[in-house]
$ cat upload.pdb   # PDB, C-alpha atoms
ATOM      1  CA  MET A 233       0.000   0.000   0.000
ATOM      2  CA  THR A 234       2.839   2.407  -0.790
ATOM      3  CA  ALA A 235       0.423   4.683  -2.639
ATOM      4  CA  ASP A 236      -1.158   5.485   0.708
ATOM      5  CA  HIS A 237       2.104   6.492   2.274
ATOM      6  CA  HIS A 238       1.832  10.224   1.781
ATOM      7  CA  HIS A 239      -1.944  10.294   1.695
ATOM      8  CA  PRO A 240      -3.123   8.184   4.586
ATOM      9  CA  ALA A 241      -6.484   6.551   3.993
ATOM     10  CA  GLU A 242      -9.221   8.044   6.055
ATOM     11  CA  LEU A 243     -10.202   5.846   8.901
ATOM     12  CA  ALA A 244     -13.842   4.976   9.456
ATOM     13  CA  PRO A 245     -14.927   5.500  13.089
ATOM     14  CA  VAL A 246     -15.614   1.799  13.572
ATOM     15  CA  GLU A 247     -12.197   0.857  12.211
ATOM     16  CA  ALA A 248     -10.546   3.316  14.593
ATOM     17  CA  ARG A 249     -12.583   1.924  17.484
ATOM     18  CA  VAL A 250     -11.534  -1.648  16.811
ATOM     19  CA  ALA A 251      -7.912  -0.529  16.528
ATOM     20  CA  ALA A 252      -8.254   1.256  19.875
ATOM     21  CA  ILE A 253      -9.738  -1.812  21.577
ATOM     22  CA  GLU A 254      -6.928  -3.937  20.194
ATOM     23  CA  SER A 255      -4.140  -1.582  21.233
ATOM     24  CA  VAL A 256      -5.509  -1.080  24.749
ATOM     25  CA  LEU A 257      -5.909  -4.821  25.360
ATOM     26  CA  VAL A 258      -2.486  -5.608  23.927
ATOM     27  CA  GLU A 259      -0.871  -2.888  26.015
ATOM     28  CA  LYS A 260      -2.522  -4.283  29.152
ATOM     29  CA  GLY A 261      -1.169  -7.716  28.338
ATOM     30  CA  VAL A 262      -4.664  -9.192  28.023
ATOM     31  CA  LEU A 263      -4.136 -10.033  24.374
ATOM     32  CA  ASP A 264      -1.127 -10.911  22.324
ATOM     33  CA  LEU A 265      -0.605  -9.726  18.751
ATOM     34  CA  ASP A 266       0.709 -13.100  17.634
ATOM     35  CA  VAL A 267      -2.403 -14.798  18.980
ATOM     36  CA  LEU A 268      -4.633 -12.369  17.072
ATOM     37  CA  ASP A 269      -2.650 -12.881  13.878
ATOM     38  CA  GLY A 270      -2.925 -16.633  14.363
ATOM     39  CA  ILE A 271      -6.696 -16.512  14.722
ATOM     40  CA  VAL A 272      -7.130 -14.430  11.567
ATOM     41  CA  GLN A 273      -4.846 -16.779   9.672
ATOM     42  CA  HIS A 274      -6.772 -19.787  10.945
ATOM     43  CA  PHE A 275     -10.077 -18.364   9.732
ATOM     44  CA  GLU A 276      -8.678 -17.464   6.354
ATOM     45  CA  ASP A 277      -6.802 -20.703   5.739
ATOM     46  CA  ASN A 278      -8.532 -23.505   7.588
ATOM     47  CA  LEU A 279     -12.182 -22.687   8.055
ATOM     48  CA  GLY A 280     -14.571 -22.646   5.172
ATOM     49  CA  PRO A 281     -17.175 -24.594   3.257
ATOM     50  CA  MET A 282     -14.514 -26.928   1.877
ATOM     51  CA  ASN A 283     -14.654 -28.603   5.299
ATOM     52  CA  GLY A 284     -18.399 -29.095   5.262
ATOM     53  CA  ALA A 285     -18.124 -30.366   1.687
ATOM     54  CA  ARG A 286     -15.817 -33.166   2.844
ATOM     55  CA  VAL A 287     -18.308 -34.148   5.543
ATOM     56  CA  VAL A 288     -21.161 -34.261   3.019
ATOM     57  CA  ALA A 289     -19.107 -36.223   0.492
ATOM     58  CA  ARG A 290     -18.248 -38.842   3.085
ATOM     59  CA  ALA A 291     -21.885 -39.137   4.174
ATOM     60  CA  TRP A 292     -22.818 -39.743   0.530
ATOM     61  CA  SER A 293     -20.087 -42.357   0.119
ATOM     62  CA  ASP A 294     -20.214 -44.200   3.433
ATOM     63  CA  PRO A 295     -23.615 -45.244   4.870
ATOM     64  CA  ASP A 296     -22.124 -45.991   8.287
ATOM     65  CA  TYR A 297     -20.624 -42.521   8.458
ATOM     66  CA  LYS A 298     -23.921 -40.978   7.420
ATOM     67  CA  GLN A 299     -25.674 -42.809  10.234
ATOM     68  CA  ARG A 300     -23.135 -41.523  12.766
ATOM     69  CA  LEU A 301     -23.399 -38.022  11.329
ATOM     70  CA  LEU A 302     -27.170 -37.875  11.676
ATOM     71  CA  ALA A 303     -27.069 -39.433  15.152
ATOM     72  CA  ASP A 304     -24.349 -37.181  16.601
ATOM     73  CA  GLY A 305     -23.215 -34.442  14.245
ATOM     74  CA  THR A 306     -20.593 -32.978  16.571
ATOM     75  CA  ALA A 307     -18.782 -36.290  17.085
ATOM     76  CA  ALA A 308     -18.936 -37.396  13.440
ATOM     77  CA  ILE A 309     -17.661 -34.020  12.206
ATOM     78  CA  ALA A 310     -14.875 -34.110  14.797
ATOM     79  CA  GLU A 311     -13.590 -37.270  13.094
ATOM     80  CA  PHE A 312     -12.183 -34.839  10.500
ATOM     81  CA  GLY A 313     -10.759 -32.603  13.213
ATOM     82  CA  PHE A 314     -13.350 -29.910  12.495
ATOM     83  CA  GLN A 315     -14.312 -28.518  15.894
ATOM     84  CA  GLY A 316     -14.079 -25.435  18.072
ATOM     85  CA  PRO A 317     -16.132 -22.286  18.643
ATOM     86  CA  GLU A 318     -19.583 -22.373  17.026
ATOM     87  CA  GLY A 319     -19.114 -26.055  16.290
ATOM     88  CA  GLU A 320     -19.850 -27.585  19.664
ATOM     89  CA  PHE A 321     -23.478 -28.575  19.095
ATOM     90  CA  MET A 322     -23.795 -29.667  15.497
ATOM     91  CA  VAL A 323     -27.058 -31.002  14.146
ATOM     92  CA  VAL A 324     -27.083 -32.360  10.606
ATOM     93  CA  LEU A 325     -30.341 -32.080   8.658
ATOM     94  CA  GLU A 326     -30.913 -34.536   5.850
ATOM     95  CA  ASN A 327     -32.706 -33.340   2.729
ATOM     96  CA  THR A 328     -35.010 -35.924   1.161
ATOM     97  CA  PRO A 329     -37.360 -35.926  -1.825
ATOM     98  CA  GLN A 330     -40.105 -34.884   0.608
ATOM     99  CA  VAL A 331     -38.261 -32.426   2.880
ATOM    100  CA  HIS A 332     -35.974 -29.476   2.180
ATOM    101  CA  ASN A 333     -34.147 -27.948   5.149
ATOM    102  CA  LEU A 334     -33.210 -24.274   5.440
ATOM    103  CA  VAL A 335     -30.980 -22.737   8.113
ATOM    104  CA  VAL A 336     -31.200 -19.218   9.498
ATOM    105  CA  CYS A 337     -30.260 -17.327  12.633
ATOM    106  CA  THR A 338     -33.045 -14.872  13.328
ATOM    107  CA  LEU A 339     -31.380 -13.065  16.234
ATOM    108  CA  CYS A 340     -27.807 -12.656  15.050
ATOM    109  CA  SER A 341     -25.529 -14.717  12.872
ATOM    110  CA  CYS A 342     -24.960 -18.120  14.477
ATOM    111  CA  TYR A 343     -23.291 -20.327  11.922
ATOM    112  CA  PRO A 344     -21.145 -23.476  12.074
ATOM    113  CA  TRP A 345     -17.654 -21.996  11.769
ATOM    114  CA  PRO A 346     -15.633 -25.248  11.705
ATOM    115  CA  THR A 347     -17.592 -26.650   8.748
ATOM    116  CA  LEU A 348     -18.645 -23.533   6.832
ATOM    117  CA  GLY A 349     -16.314 -20.759   7.984
ATOM    118  CA  LEU A 350     -17.860 -17.355   8.542
ATOM    119  CA  PRO A 351     -21.324 -16.587   7.181
ATOM    120  CA  PRO A 352     -21.819 -14.765   3.887
ATOM    121  CA  LYS A 353     -23.083 -11.219   4.065
ATOM    122  CA  TRP A 354     -26.666 -12.018   3.052
ATOM    123  CA  TYR A 355     -26.969 -14.561   5.892
ATOM    124  CA  LYS A 356     -26.428 -11.719   8.363
ATOM    125  CA  ALA A 357     -28.806  -9.307   6.618
ATOM    126  CA  PRO A 358     -32.175  -8.456   8.206
ATOM    127  CA  ALA A 359     -33.994  -9.406   4.991
ATOM    128  CA  TYR A 360     -32.780 -12.983   5.017
ATOM    129  CA  ARG A 361     -33.176 -13.386   8.770
ATOM    130  CA  SER A 362     -36.811 -12.362   8.792
ATOM    131  CA  ARG A 363     -38.013 -13.719   5.462
ATOM    132  CA  ALA A 364     -36.509 -17.183   5.920
ATOM    133  CA  ILE A 365     -39.072 -17.708   8.675
ATOM    134  CA  ARG A 366     -41.977 -15.787   7.163
ATOM    135  CA  GLU A 367     -41.868 -16.805   3.524
ATOM    136  CA  PRO A 368     -39.065 -19.303   2.892
ATOM    137  CA  ARG A 369     -40.451 -20.547  -0.422
ATOM    138  CA  ALA A 370     -40.611 -17.059  -1.944
ATOM    139  CA  LEU A 371     -37.195 -16.165  -0.559
ATOM    140  CA  LEU A 372     -35.604 -19.304  -1.987
ATOM    141  CA  ALA A 373     -37.226 -18.657  -5.361
ATOM    142  CA  GLU A 374     -35.694 -15.175  -5.400
ATOM    143  CA  MET A 375     -32.320 -16.712  -4.641
ATOM    144  CA  GLY A 376     -32.735 -18.951  -7.670
ATOM    145  CA  THR A 377     -33.913 -22.084  -5.899
ATOM    146  CA  ASP A 378     -37.397 -23.298  -6.729
ATOM    147  CA  ILE A 379     -38.689 -25.851  -4.262
ATOM    148  CA  PRO A 380     -41.609 -27.860  -5.706
ATOM    149  CA  ASP A 381     -44.923 -27.316  -3.947
ATOM    150  CA  ASP A 382     -45.104 -30.918  -2.789
ATOM    151  CA  VAL A 383     -41.795 -30.611  -0.923
ATOM    152  CA  GLU A 384     -42.052 -29.461   2.673
ATOM    153  CA  ILE A 385     -39.633 -26.697   3.692
ATOM    154  CA  ARG A 386     -38.391 -26.944   7.276
ATOM    155  CA  VAL A 387     -36.717 -23.817   8.642
ATOM    156  CA  TRP A 388     -34.232 -24.191  11.492
ATOM    157  CA  ASP A 389     -33.409 -21.193  13.666
ATOM    158  CA  SER A 390     -29.870 -21.402  15.014
ATOM    159  CA  SER A 391     -30.523 -19.072  17.922
ATOM    160  CA  ALA A 392     -31.015 -22.075  20.188
ATOM    161  CA  GLU A 393     -28.025 -24.079  21.368
ATOM    162  CA  ALA A 394     -27.537 -25.799  18.031
ATOM    163  CA  ARG A 395     -25.634 -25.085  14.823
ATOM    164  CA  TYR A 396     -27.043 -26.717  11.730
ATOM    165  CA  LEU A 397     -25.522 -28.215   8.603
ATOM    166  CA  VAL A 398     -27.773 -29.315   5.762
ATOM    167  CA  LEU A 399     -26.943 -32.651   4.144
ATOM    168  CA  PRO A 400     -28.051 -32.076   0.531
ATOM    169  CA  MET A 401     -29.383 -34.892  -1.629
ATOM    170  CA  ARG A 402     -26.698 -36.525  -3.744
ATOM    171  CA  PRO A 403     -27.286 -35.432  -7.348
ATOM    172  CA  ASP A 404     -28.174 -38.024  -9.987
ATOM    173  CA  GLY A 405     -25.334 -39.045 -12.254
ATOM    174  CA  THR A 406     -22.650 -38.904  -9.561
ATOM    175  CA  GLU A 407     -22.561 -42.657  -8.881
ATOM    176  CA  ASP A 408     -19.058 -43.060 -10.296
ATOM    177  CA  MET A 409     -17.503 -40.091  -8.515
ATOM    178  CA  SER A 410     -14.893 -40.526  -5.789
ATOM    179  CA  GLU A 411     -15.365 -38.984  -2.379
ATOM    180  CA  GLU A 412     -12.895 -36.273  -3.314
ATOM    181  CA  GLN A 413     -14.708 -35.500  -6.550
ATOM    182  CA  LEU A 414     -18.001 -35.373  -4.679
ATOM    183  CA  ALA A 415     -16.583 -32.853  -2.219
ATOM    184  CA  GLY A 416     -15.840 -30.639  -5.211
ATOM    185  CA  ILE A 417     -19.495 -30.335  -6.180
ATOM    186  CA  VAL A 418     -20.872 -29.508  -2.722
ATOM    187  CA  THR A 419     -21.452 -25.787  -2.344
ATOM    188  CA  ARG A 420     -21.697 -23.616   0.711
ATOM    189  CA  ASP A 421     -25.202 -22.533  -0.232
ATOM    190  CA  SER A 422     -26.415 -26.129  -0.473
ATOM    191  CA  MET A 423     -25.232 -26.733   3.102
ATOM    192  CA  ILE A 424     -27.192 -23.691   4.328
ATOM    193  CA  GLY A 425     -30.190 -24.897   2.367
ATOM    194  CA  VAL A 426     -30.592 -21.993  -0.046
ATOM    195  CA  GLN A 427     -29.555 -24.136  -3.007
ATOM    196  CA  ARG A 428     -30.285 -27.634  -4.303
ATOM    197  CA  LEU A 429     -27.528 -29.490  -6.070
TER     198      LEU A 429
ATOM    199  CA  MET B 172     -23.741 -20.283  -7.060
ATOM    200  CA  THR B 173     -27.204 -18.912  -6.463
ATOM    201  CA  SER B 174     -27.473 -16.288  -3.761
ATOM    202  CA  GLY B 175     -29.025 -13.284  -5.419
ATOM    203  CA  LEU B 176     -28.718 -11.536  -2.058
ATOM    204  CA  ASP B 177     -24.966 -11.928  -1.986
ATOM    205  CA  ASP B 178     -23.230  -8.673  -2.790
ATOM    206  CA  ALA B 179     -19.935  -9.612  -1.195
ATOM    207  CA  SER B 180     -18.554 -12.022  -3.692
ATOM    208  CA  LEU B 181     -14.865 -12.031  -4.330
ATOM    209  CA  PRO B 182     -14.663 -15.764  -4.793
ATOM    210  CA  ARG B 183     -12.174 -18.078  -3.207
ATOM    211  CA  ASP B 184     -12.061 -21.870  -3.050
ATOM    212  CA  ASN B 185     -15.608 -23.152  -2.734
ATOM    213  CA  GLY B 186     -16.606 -20.010  -0.921
ATOM    214  CA  GLU B 187     -15.670 -16.394  -0.798
ATOM    215  CA  LEU B 188     -13.411 -13.951   0.951
ATOM    216  CA  VAL B 189     -14.056 -14.213   4.640
ATOM    217  CA  PHE B 190     -13.640 -10.544   5.492
ATOM    218  CA  GLU B 191     -14.462  -7.384   3.586
ATOM    219  CA  ALA B 192     -11.712  -5.404   5.290
ATOM    220  CA  PRO B 193      -8.811  -6.227   7.601
ATOM    221  CA  TRP B 194     -10.360  -4.455  10.600
ATOM    222  CA  GLN B 195     -13.271  -6.905  10.494
ATOM    223  CA  ALA B 196     -10.823  -9.768  10.838
ATOM    224  CA  ARG B 197      -9.207  -8.017  13.803
ATOM    225  CA  ALA B 198     -12.590  -7.456  15.446
ATOM    226  CA  LEU B 199     -13.405 -11.124  15.094
ATOM    227  CA  ALA B 200     -10.021 -12.240  16.378
ATOM    228  CA  ILE B 201     -10.190  -9.929  19.403
ATOM    229  CA  ALA B 202     -13.544 -11.402  20.464
ATOM    230  CA  VAL B 203     -12.401 -14.992  19.982
ATOM    231  CA  ALA B 204      -9.095 -14.400  21.784
ATOM    232  CA  LEU B 205     -10.689 -12.476  24.635
ATOM    233  CA  VAL B 206     -13.311 -15.057  25.619
ATOM    234  CA  ASP B 207     -10.645 -17.733  25.360
ATOM    235  CA  LYS B 208      -8.142 -15.805  27.478
ATOM    236  CA  LEU B 209     -10.734 -15.045  30.165
ATOM    237  CA  GLY B 210     -12.180 -18.560  30.137
ATOM    238  CA  LEU B 211     -15.649 -17.278  29.221
ATOM    239  CA  PRO B 212     -18.179 -19.192  27.121
ATOM    240  CA  TRP B 213     -18.631 -17.891  23.589
ATOM    241  CA  ASP B 214     -22.187 -16.964  24.588
ATOM    242  CA  ALA B 215     -20.751 -14.214  26.760
ATOM    243  CA  PHE B 216     -19.941 -12.410  23.549
ATOM    244  CA  ARG B 217     -22.753 -13.774  21.393
ATOM    245  CA  HIS B 218     -25.481 -12.433  23.689
ATOM    246  CA  ARG B 219     -23.995  -8.966  23.454
ATOM    247  CA  LEU B 220     -23.828  -9.237  19.680
ATOM    248  CA  MET B 221     -27.490 -10.271  19.566
ATOM    249  CA  ALA B 222     -28.402  -7.302  21.755
ATOM    250  CA  GLU B 223     -26.470  -4.842  19.577
ATOM    251  CA  ILE B 224     -28.074  -6.192  16.402
ATOM    252  CA  ALA B 225     -31.523  -5.960  17.989
ATOM    253  CA  LYS B 226     -30.810  -2.376  19.028
ATOM    254  CA  ASP B 227     -30.085  -1.287  15.441
ATOM    255  CA  PRO B 228     -30.998  -4.021  12.938
ATOM    256  CA  GLU B 229     -29.958  -2.041   9.860
ATOM    257  CA  ARG B 230     -26.486  -1.179  11.119
ATOM    258  CA  PRO B 231     -23.663  -2.932   9.229
ATOM    259  CA  TYR B 232     -22.905  -6.262  10.858
ATOM    260  CA  TYR B 233     -19.333  -5.657  11.963
ATOM    261  CA  GLU B 234     -20.289  -2.290  13.459
ATOM    262  CA  SER B 235     -22.648  -4.189  15.763
ATOM    263  CA  TRP B 236     -19.798  -6.593  16.404
ATOM    264  CA  SER B 237     -17.506  -3.701  17.382
ATOM    265  CA  ALA B 238     -20.172  -2.223  19.675
ATOM    266  CA  ALA B 239     -20.637  -5.617  21.367
ATOM    267  CA  LEU B 240     -16.895  -5.903  21.818
ATOM    268  CA  GLU B 241     -16.657  -2.442  23.357
ATOM    269  CA  SER B 242     -19.528  -3.112  25.769
ATOM    270  CA  MET B 243     -17.849  -6.343  26.834
ATOM    271  CA  VAL B 244     -14.403  -4.867  27.513
ATOM    272  CA  VAL B 245     -15.896  -1.883  29.338
ATOM    273  CA  ASP B 246     -18.211  -4.038  31.490
ATOM    274  CA  LEU B 247     -15.304  -6.337  32.323
ATOM    275  CA  LYS B 248     -13.431  -3.200  33.435
ATOM    276  CA  LEU B 249     -10.581  -3.931  31.073
ATOM    277  CA  THR B 250     -10.774  -0.345  29.854
ATOM    278  CA  THR B 251     -13.060   2.682  29.731
ATOM    279  CA  SER B 252     -14.757   4.501  26.881
ATOM    280  CA  ALA B 253     -12.561   7.506  27.602
ATOM    281  CA  ALA B 254      -9.407   5.397  27.315
ATOM    282  CA  LEU B 255     -10.652   4.058  23.990
ATOM    283  CA  ASP B 256     -11.324   7.590  22.766
ATOM    284  CA  ALA B 257      -7.764   8.497  23.641
ATOM    285  CA  ALA B 258      -6.358   5.414  21.950
ATOM    286  CA  SER B 259      -8.304   5.796  18.703
ATOM    287  CA  PRO B 260      -5.961   6.430  15.774
ATOM    288  CA  THR B 261      -6.917   9.120  13.289
ATOM    289  CA  GLU B 262      -5.318   7.551  10.284
ATOM    290  CA  ARG B 263      -4.530   4.062   9.172
ATOM    291  CA  GLU B 264      -1.115   2.705   9.994
ATOM    292  CA  PRO B 265       1.020   2.052   6.932
ATOM    293  CA  LEU B 266       0.923  -1.640   5.990
TER     294      LEU B 266
END
$ encode --input "upload.pdb" --output "structure tokens"
Amino acid sequence: MTADHHHPAELAPVEARVAAIESVLVEKGVLDLDVLDGIVQHFEDNLGPMNGARVVARAWSDPDYKQRLLADGTAAIAEFGFQGPEGEFMVVLENTPQVHNLVVCTLCSCYPWPTLGLPPKWYKAPAYRSRAIREPRALLAEMGTDIPDDVEIRVWDSSAEARYLVLPMRPDGTEDMSEEQLAGIVTRDSMIGVQRL
Amino acid sequence: MTSGLDDASLPRDNGELVFEAPWQARALAIAVALVDKLGLPWDAFRHRLMAEIAKDPERPYYESWSAALESMVVDLKLTTSAALDAASPTEREPL
């Protein structure tokens, strides 16, 4: 950012406030800069929907794993080493030809960090948070996902003590794909329930 | 990808950029590190975040996050609002 050197970028009040909180806590010895850097790095490198995609791909490939996953999501996901904050109480919701599951957090932005990373911006927006409950079918249609009328939509509000991961239906024509290939076709949105594969 | 509501889409592997700006990453890391350091449950922060969002639902998400963080550190007597005012930089540090 050498271009900024002689013309410092203006600092938004919120950015300045966060910087102040950080510097005060570091100065007091409450926080350590290396720890903060490590957390940011961890979120950027290790947490994201590629983790959830591996869980889904294994559930598609291994019936025993799928059974464990649906019975105790937290333990089955921990088999991959995916655990930590916002991943302690995982519930996996299986989509079927009759039922489509949709996940929301009406009160804030609860989201399964270890398997999906941090939530996309729209997940945190008031429009999504209120309409997912009120009119999920219309909302999904606007997001490009038409759910047939004879399919029930179940909406799960994460504000309780659970974090949800949708297990999408395995698409037709993927019978010959390896687990790794399958992981490549699982999207973040399908694991939130706003997309069908 | 579907998501017509998604206006933050600089794609990365099977997902997207996690943060829109570096200060958002710092805000997140401070909250995670603080509850860990103090041995608090994550809910100690999450409940404050929920309250800040409820107070001003249209405010940008990470501004609510910052407000929740400030209320937590002030209530825990780790600092005061006045000390934060004094410590607030006026321009961004060179990278």
$ atom_distance --input "upload.pdb" --atom1 "CA of Ser390 (chain A)" --atom2 "CA of Gly416 (chain A)"
26.3 Å
$ resolve_selection --input "upload.pdb" --expression "the PyMOL selection byres ((chain A and resi 286-290) around 12)" --output "ChimeraX atom specification"
/A:280-285,291-302,305-314,324-327,346-348,397-403,406-407,409-420,422-423 /B:185
$ closest_residue --input "upload.pdb" --among "A:Pro368, A:Pro329, A:Gln427, A:Glu276" --to "Glu191 (chain B)" --atoms "all atoms listed in the file"
A:Glu276
$ closest_residue --input "upload.pdb" --among "A:Asp421, A:Glu393, A:Glu242, A:Asp266" --to "Ile201 (chain B)" --atoms "only C-alpha atoms"
A:Asp266
$ closest_residue --input "upload.pdb" --among "A:Lys353, A:Arg386, A:Arg249, A:Lys260" --to "His332 (chain A)" --atoms "all atoms listed in the file"
A:Arg386
$ atom_distance --input "upload.pdb" --atom1 "CA of Pro380 (chain A)" --atom2 "CA of Gly425 (chain A)"
14.3 Å
$ resolve_selection --input "upload.pdb" --expression "the PyMOL selection byres ((chain B and resi 260) around 10)" --output "ChimeraX atom specification"
/A:243,245,247-252,255 /B:255-259,261-264
$ resolve_selection --input "upload.pdb" --expression "the PyMOL selection byres ((chain B and resi 203) around 10)" --output "ChimeraX atom specification"
/A:268,271-272,317 /B:197-202,204-208,213,216
$ closest_residue --input "upload.pdb" --among "A:Ile385, A:Leu339, A:Leu371, A:Val258" --to "chain B" --atoms "only C-alpha atoms"
A:Leu339
$ closest_residue --input "upload.pdb" --among "A:Asp378, A:Asp304, A:Glu318, A:Asp264" --to "Pro212 (chain B)" --atoms "all atoms listed in the file"
A:Glu318
$ atom_distance --input "upload.pdb" --atom1 "CA of Gln330 (chain A)" --atom2 "CA of Arg428 (chain A)"
13.2 Å
$ residues_near_point --input "upload.pdb" --point "(-22.3, -14.0, 7.8)" --cutoff "10 Å" --atoms "all atoms listed in the file" --output "PyMOL selection string"
(chain A and resi 337+340-343+349-357) or (chain B and resi 189-190+232-233)
$ closest_residue --input "upload.pdb" --among "A:Ala303, A:Val323, A:Met375, A:Val387" --to "chain B" --atoms "only C-alpha atoms"
A:Met375
$ build_atoms --input "upload.pdb" --residues "region 248-263 of chain B" --atoms "N, CA and C atoms" --output "short mmCIF file (atom, residue, chain, number, x, y, z; two decimals), in the frame of the given file"
data_model
loop_
_atom_site.label_atom_id
_atom_site.label_comp_id
_atom_site.auth_asym_id
_atom_site.auth_seq_id
_atom_site.Cartn_x
_atom_site.Cartn_y
_atom_site.Cartn_z
N LYS B 248 -14.36 -4.17 32.85
CA LYS B 248 -13.43 -3.20 33.44
C LYS B 248 -12.01 -3.38 32.92
N LEU B 249 -11.91 -3.83 31.68
CA LEU B 249 -10.58 -3.93 31.07
C LEU B 249 -10.13 -2.58 30.55
N THR B 250 -11.10 -1.69 30.30
CA THR B 250 -10.77 -0.34 29.85
C THR B 250 -12.02 0.51 30.05
N THR B 251 -11.91 1.78 29.65
CA THR B 251 -13.06 2.68 29.73
C THR B 251 -13.28 3.30 28.36
N SER B 252 -14.48 3.84 28.16
CA SER B 252 -14.76 4.50 26.88
C SER B 252 -13.80 5.67 26.65
N ALA B 253 -13.47 6.36 27.73
CA ALA B 253 -12.56 7.51 27.60
C ALA B 253 -11.18 7.04 27.15
N ALA B 254 -10.72 5.92 27.70
CA ALA B 254 -9.41 5.40 27.32
C ALA B 254 -9.43 4.97 25.85
N LEU B 255 -10.55 4.44 25.40
CA LEU B 255 -10.65 4.06 23.99
C LEU B 255 -10.66 5.29 23.09
N ASP B 256 -11.35 6.34 23.54
CA ASP B 256 -11.32 7.59 22.77
C ASP B 256 -9.88 8.05 22.58
N ALA B 257 -9.14 8.01 23.67
CA ALA B 257 -7.76 8.50 23.64
C ALA B 257 -6.88 7.62 22.77
N ALA B 258 -7.21 6.35 22.69
CA ALA B 258 -6.36 5.41 21.95
C ALA B 258 -6.76 5.28 20.48
N SER B 259 -7.84 5.94 20.08
CA SER B 259 -8.30 5.80 18.70
C SER B 259 -7.38 6.51 17.73
N PRO B 260 -6.82 5.79 16.77
CA PRO B 260 -5.96 6.43 15.77
C PRO B 260 -6.81 7.29 14.83
N THR B 261 -6.18 8.28 14.22
CA THR B 261 -6.92 9.12 13.29
C THR B 261 -6.63 8.74 11.85
N GLU B 262 -5.56 8.04 11.63
CA GLU B 262 -5.32 7.55 10.28
C GLU B 262 -4.76 6.14 10.35
N ARG B 263 -4.93 5.46 9.22
CA ARG B 263 -4.53 4.06 9.17
C ARG B 263 -3.02 3.91 9.19
#
